[in-house]
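Below: the structure, in structure tokens.
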Amino acid sequence: MSIPALLADPAAWAALATLIVMEIVLGIDNLVFISLLSNKLPPEQREKVRRVGIGLALVLRLGLLSIIAWIAGLVRPVFDLGLTGMLDAHGAPSFETAFSVRDLILIAGGVFLLWKATTEIHHTIDHDEASEETPGKAGAALSFGMAIVQILLLDMVFSIDSILTAIGMTDDLPVMIVAVVVAVGVMLLAATPLANFIAANPSVVMLALGFLLMIGAVLIADGFGVHVPKGYIYAAMAFSGVVEALNIAARRARGRTPSHRG
């Protein structure tokens, strides 16, 4: 469909609005990871690594849209181990081992997220004071480079999931491109405030790492054909975030209240 026809089509505008919301929601996982990772770097490098990471996400998404026919083919199974789970109420197996390229990418991304989140949780609980020392220039450069590599790996996983979602919602490439650009723009605007909020509230760090563990487990489950509705995941994340926000507000209120014990 031509651009003028799309502009005059109410269905295209409805698809665009829906897809923008979906892309923004799917980008939350990516944004949490980038925020946590950037906060591990020296302060003068954090803004730069966030912009580079989100910029890479945009480049990957637009690049994948240019080979959309190949992306659509990633859902075809490439090998099958012959194992299936019990049938559910809808007659579908509870899990399967007919793996496509998409499944393998999701499983690899999920394992990486589980490893990364577990490592960071261990570091947070068993904190090494020596790590608080300001790293030298070589160490900072290495940290920056490793941060970009890790962000790039997760960008690839989330980008493929994002584009496959877009393909399932509309066949119009211009609509997909606009939705992806708008969603990544929102990520860019929200990255610094989110990272600063996480850095200013240490308890949120553990909550965010818990989110990454959950997301990693969901990616692995999805790779094995266990499709967990995304609405449940984001509802749980939102509920946990609201509870933590109330805890933060309560701590601040106690801090402002003068003590009358004497």
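Letters for chains follow the order of the structure tokens (A, B, ...), residue numbers begin at 1 for each chain, and ligand numbers begin at 1 in the order shown.
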
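By chain and then residue number, the residues within 12 Å of Asn201 (chain A) are Leu194, Ala195, Leu207, Ala208, Glu244, Ala245, Asn247, Ile248, Ala249, Arg251 and Arg252 of chain A, counting only C-alpha atoms and disregarding those fewer than 6 positions away in sequence.
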
Can you write out the residues you just picked, keeping N, CA, C and O atoms, as a PDB file, in the first residue's frame?
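Done, and the output landed in part00.pdb:
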```pdb
ATOM      1  N   LEU A 194      15.311   6.588  34.132  1.00  0.00           N
ATOM      2  CA  LEU A 194      15.195   5.264  34.739  1.00  0.00           C
ATOM      3  C   LEU A 194      16.506   4.840  35.383  1.00  0.00           C
ATOM      4  O   LEU A 194      16.518   4.344  36.524  1.00  0.00           O
ATOM      5  N   ALA A 195      17.627   5.055  34.685  1.00  0.00           N
ATOM      6  CA  ALA A 195      18.928   4.679  35.241  1.00  0.00           C
ATOM      7  C   ALA A 195      19.233   5.483  36.504  1.00  0.00           C
ATOM      8  O   ALA A 195      19.755   4.936  37.488  1.00  0.00           O
ATOM      9  N   LEU A 207      15.277  -5.416  42.680  1.00  0.00           N
ATOM     10  CA  LEU A 207      14.004  -5.644  42.005  1.00  0.00           C
ATOM     11  C   LEU A 207      14.212  -5.750  40.494  1.00  0.00           C
ATOM     12  O   LEU A 207      13.650  -6.641  39.836  1.00  0.00           O
ATOM     13  N   ALA A 208      15.024  -4.864  39.930  1.00  0.00           N
ATOM     14  CA  ALA A 208      15.300  -4.895  38.496  1.00  0.00           C
ATOM     15  C   ALA A 208      16.023  -6.185  38.106  1.00  0.00           C
ATOM     16  O   ALA A 208      15.744  -6.775  37.053  1.00  0.00           O
ATOM     17  N   GLU A 244       7.204  -1.363  45.453  1.00  0.00           N
ATOM     18  CA  GLU A 244       8.512  -0.796  45.786  1.00  0.00           C
ATOM     19  C   GLU A 244       8.432   0.722  45.871  1.00  0.00           C
ATOM     20  O   GLU A 244       9.086   1.342  46.725  1.00  0.00           O
ATOM     21  N   ALA A 245       7.632   1.356  45.005  1.00  0.00           N
ATOM     22  CA  ALA A 245       7.459   2.809  45.072  1.00  0.00           C
ATOM     23  C   ALA A 245       6.823   3.221  46.401  1.00  0.00           C
ATOM     24  O   ALA A 245       7.208   4.240  46.998  1.00  0.00           O
ATOM     25  N   ASN A 247       7.152   1.517  49.205  1.00  0.00           N
ATOM     26  CA  ASN A 247       8.207   1.342  50.206  1.00  0.00           C
ATOM     27  C   ASN A 247       9.167   2.529  50.219  1.00  0.00           C
ATOM     28  O   ASN A 247       9.575   3.002  51.287  1.00  0.00           O
ATOM     29  N   ILE A 248       9.530   3.007  49.031  1.00  0.00           N
ATOM     30  CA  ILE A 248      10.431   4.161  48.943  1.00  0.00           C
ATOM     31  C   ILE A 248       9.773   5.391  49.546  1.00  0.00           C
ATOM     32  O   ILE A 248      10.401   6.147  50.311  1.00  0.00           O
ATOM     33  N   ALA A 249       8.484   5.604  49.237  1.00  0.00           N
ATOM     34  CA  ALA A 249       7.759   6.753  49.793  1.00  0.00           C
ATOM     35  C   ALA A 249       7.668   6.653  51.312  1.00  0.00           C
ATOM     36  O   ALA A 249       7.811   7.660  52.028  1.00  0.00           O
ATOM     37  N   ARG A 251       9.819   5.079  53.332  1.00  0.00           N
ATOM     38  CA  ARG A 251      11.143   5.345  53.908  1.00  0.00           C
ATOM     39  C   ARG A 251      11.442   6.844  53.919  1.00  0.00           C
ATOM     40  O   ARG A 251      12.006   7.363  54.883  1.00  0.00           O
ATOM     41  N   ARG A 252      11.077   7.526  52.862  1.00  0.00           N
ATOM     42  CA  ARG A 252      11.319   8.964  52.813  1.00  0.00           C
ATOM     43  C   ARG A 252      10.471   9.704  53.845  1.00  0.00           C
ATOM     44  O   ARG A 252      10.928  10.684  54.452  1.00  0.00           O
TER      45      ARG A 252
END
```

Would you write out, as JSON lines, a table of all residues in region 206-261 of chain A that have an atom no more than 12 Å from an atom of region 149-154 of chain A, listing for each the closest atom pair and the distance in Å to one decimal, considering only C-alpha atoms and ordering rows by chain and rising residue number?
```
{"residue": "A:Leu212", "atom": "CA", "partner": "A:Leu154", "partner_atom": "CA", "distance": 11.5}
{"residue": "A:Ile215", "atom": "CA", "partner": "A:Leu154", "partner_atom": "CA", "distance": 11.7}
{"residue": "A:Gly216", "atom": "CA", "partner": "A:Leu154", "partner_atom": "CA", "distance": 10.8}
{"residue": "A:Leu219", "atom": "CA", "partner": "A:Leu154", "partner_atom": "CA", "distance": 11.5}
```

Find the spatial neighbours of Leu113 (chain A), counting only C-alpha atoms, within a cut-off of 12 Å - ignore same-chain residues fewer than 4 positions away - and output them as a compact mmCIF listing (two decimals) with N, CA, C and O atoms, in the first residue's frame.
```txt
# COMPACT_ATOMS: atom_id res chain seq x y z
N ASP A 29 12.03 -4.42 28.74
CA ASP A 29 13.05 -5.40 29.12
C ASP A 29 14.44 -4.91 28.71
O ASP A 29 15.39 -4.95 29.50
N ASN A 30 14.54 -4.46 27.48
CA ASN A 30 15.81 -3.96 26.96
C ASN A 30 16.28 -2.75 27.75
O ASN A 30 17.47 -2.61 28.07
N VAL A 32 15.57 -1.86 30.90
CA VAL A 32 16.01 -2.21 32.26
C VAL A 32 17.43 -2.75 32.22
O VAL A 32 18.28 -2.38 33.05
N PHE A 33 17.71 -3.62 31.25
CA PHE A 33 19.06 -4.18 31.14
C PHE A 33 20.09 -3.09 30.86
O PHE A 33 21.15 -3.06 31.49
N ILE A 34 19.79 -2.20 29.92
CA ILE A 34 20.73 -1.13 29.58
C ILE A 34 20.96 -0.22 30.78
O ILE A 34 22.09 0.20 31.06
N LEU A 37 23.18 -2.02 33.36
CA LEU A 37 24.55 -2.18 32.88
C LEU A 37 25.29 -0.86 32.84
O LEU A 37 26.47 -0.77 33.20
N LEU A 106 16.20 -17.11 21.33
CA LEU A 106 15.53 -16.79 22.58
C LEU A 106 16.14 -17.56 23.75
O LEU A 106 16.33 -17.02 24.84
N ILE A 107 16.44 -18.85 23.54
CA ILE A 107 17.03 -19.65 24.61
C ILE A 107 18.40 -19.11 24.98
O ILE A 107 18.74 -18.97 26.17
N ALA A 108 19.22 -18.78 23.96
CA ALA A 108 20.55 -18.23 24.24
C ALA A 108 20.44 -16.91 24.98
O ALA A 108 21.18 -16.65 25.95
N GLY A 109 19.52 -16.06 24.56
CA GLY A 109 19.33 -14.78 25.25
C GLY A 109 18.84 -14.97 26.67
O GLY A 109 19.27 -14.26 27.59
N ALA A 117 22.08 -11.71 35.44
CA ALA A 117 21.34 -11.29 36.63
C ALA A 117 21.86 -12.01 37.87
O ALA A 117 22.00 -11.40 38.94
N THR A 118 22.14 -13.31 37.75
CA THR A 118 22.66 -14.06 38.90
C THR A 118 24.01 -13.53 39.33
O THR A 118 24.28 -13.39 40.54
N THR A 119 24.88 -13.21 38.37
CA THR A 119 26.19 -12.65 38.69
C THR A 119 26.06 -11.32 39.42
O THR A 119 26.75 -11.05 40.42
N GLU A 120 25.15 -10.47 38.93
CA GLU A 120 24.98 -9.15 39.55
C GLU A 120 24.35 -9.27 40.94
O GLU A 120 24.70 -8.51 41.85
N ILE A 121 23.44 -10.23 41.13
CA ILE A 121 22.85 -10.43 42.45
C ILE A 121 23.93 -10.90 43.43
O ILE A 121 24.01 -10.42 44.58
N GLN A 150 27.72 -6.60 25.48
CA GLN A 150 26.59 -7.25 26.14
C GLN A 150 25.27 -6.62 25.72
O GLN A 150 24.27 -7.33 25.50
N ILE A 151 25.24 -5.30 25.59
CA ILE A 151 24.02 -4.63 25.14
C ILE A 151 23.68 -5.06 23.71
O ILE A 151 22.51 -5.29 23.38
N LEU A 153 24.37 -7.90 22.24
CA LEU A 153 23.84 -9.26 22.25
C LEU A 153 22.37 -9.28 22.63
O LEU A 153 21.55 -9.94 21.99
N LEU A 154 22.01 -8.54 23.69
CA LEU A 154 20.61 -8.51 24.11
C LEU A 154 19.76 -7.71 23.13
O LEU A 154 18.58 -8.03 22.94
N ASP A 155 20.34 -6.68 22.53
CA ASP A 155 19.60 -5.94 21.50
C ASP A 155 19.15 -6.87 20.38
O ASP A 155 18.03 -6.75 19.86
N VAL A 157 18.53 -10.12 20.53
CA VAL A 157 17.44 -10.98 20.98
C VAL A 157 16.12 -10.21 21.02
O VAL A 157 15.10 -10.65 20.46
N PHE A 158 16.13 -9.05 21.68
CA PHE A 158 14.90 -8.28 21.82
C PHE A 158 14.44 -7.71 20.48
O PHE A 158 13.23 -7.54 20.26
N ALA A 208 15.02 -4.86 39.93
CA ALA A 208 15.30 -4.89 38.50
C ALA A 208 16.02 -6.19 38.11
O ALA A 208 15.74 -6.77 37.05
N LEU A 209 16.96 -6.63 38.95
CA LEU A 209 17.65 -7.89 38.66
C LEU A 209 16.68 -9.07 38.72
O LEU A 209 16.80 -10.02 37.95
N GLY A 210 15.73 -8.99 39.64
CA GLY A 210 14.69 -10.02 39.69
C GLY A 210 13.85 -10.02 38.41
O GLY A 210 13.48 -11.09 37.90
N PHE A 211 13.57 -8.83 37.88
CA PHE A 211 12.87 -8.75 36.60
C PHE A 211 13.66 -9.44 35.50
O PHE A 211 13.10 -10.16 34.67
N LEU A 212 14.98 -9.20 35.47
CA LEU A 212 15.81 -9.82 34.45
C LEU A 212 15.81 -11.35 34.57
O LEU A 212 15.80 -12.06 33.56
N LEU A 213 15.83 -11.85 35.81
CA LEU A 213 15.74 -13.30 36.01
C LEU A 213 14.43 -13.84 35.44
O LEU A 213 14.40 -14.87 34.74
N MET A 214 13.34 -13.12 35.72
CA MET A 214 12.03 -13.56 35.23
C MET A 214 11.98 -13.51 33.71
O MET A 214 11.48 -14.43 33.06
N ILE A 215 12.51 -12.43 33.14
CA ILE A 215 12.50 -12.29 31.68
C ILE A 215 13.34 -13.39 31.03
O ILE A 215 12.96 -13.97 30.02
N GLY A 216 14.51 -13.68 31.63
CA GLY A 216 15.35 -14.75 31.11
C GLY A 216 14.64 -16.09 31.13
O GLY A 216 14.70 -16.86 30.16
N ALA A 217 13.95 -16.38 32.24
CA ALA A 217 13.22 -17.65 32.34
C ALA A 217 12.10 -17.71 31.29
O ALA A 217 11.86 -18.76 30.69
N VAL A 218 11.43 -16.58 31.06
CA VAL A 218 10.34 -16.55 30.08
C VAL A 218 10.88 -16.74 28.66
O VAL A 218 10.27 -17.43 27.84
N LEU A 219 12.04 -16.15 28.36
CA LEU A 219 12.64 -16.33 27.05
C LEU A 219 12.99 -17.80 26.80
O LEU A 219 12.75 -18.34 25.71
N ILE A 220 13.56 -18.47 27.81
CA ILE A 220 13.90 -19.88 27.67
C ILE A 220 12.63 -20.72 27.49
O ILE A 220 12.57 -21.61 26.64
```

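What separates CA of Leu164 (chain A) from CA of Thr84 (chain A) is a distance of 23.9 Å.
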
So which residues of region 25-132 of chain A fall under strand (DSSP E or B) by DSSP, listed as a list in words?
Pro77, Val78, Phe79, Asp80, Leu81, Gly82, Leu83, Thr84, Leu87, Pro93, Glu96, Thr97, Ala98, Phe99 and Ser100 of chain A

May I have the residues from that selection written out with C-alpha atoms, as an mmCIF file, in the first residue's frame?
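Output (out-v2.cif):
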```
data_model
loop_
_atom_site.group_PDB
_atom_site.id
_atom_site.type_symbol
_atom_site.label_atom_id
_atom_site.label_comp_id
_atom_site.auth_asym_id
_atom_site.auth_seq_id
_atom_site.Cartn_x
_atom_site.Cartn_y
_atom_site.Cartn_z
ATOM 1 C CA PRO A 77 11.839 -25.534 12.709
ATOM 2 C CA VAL A 78 15.407 -26.482 11.819
ATOM 3 C CA PHE A 79 15.618 -29.639 13.952
ATOM 4 C CA ASP A 80 13.377 -31.649 16.257
ATOM 5 C CA LEU A 81 14.358 -33.762 19.274
ATOM 6 C CA GLY A 82 10.976 -35.509 19.143
ATOM 7 C CA LEU A 83 9.871 -34.577 22.651
ATOM 8 C CA THR A 84 6.491 -33.000 23.405
ATOM 9 C CA LEU A 87 -1.793 -31.566 25.591
ATOM 10 C CA PRO A 93 1.440 -29.492 23.672
ATOM 11 C CA GLU A 96 7.937 -29.003 22.332
ATOM 12 C CA THR A 97 11.462 -29.485 21.076
ATOM 13 C CA ALA A 98 11.019 -28.587 17.398
ATOM 14 C CA PHE A 99 13.475 -25.691 17.504
ATOM 15 C CA SER A 100 13.551 -22.835 15.006
#
```

One residue among A:Ile67, A:Ala147, A:Ala17, A:Met206 is nearest to Arg46 (chain A) when using only C-alpha atoms, and that residue is A:Ala147
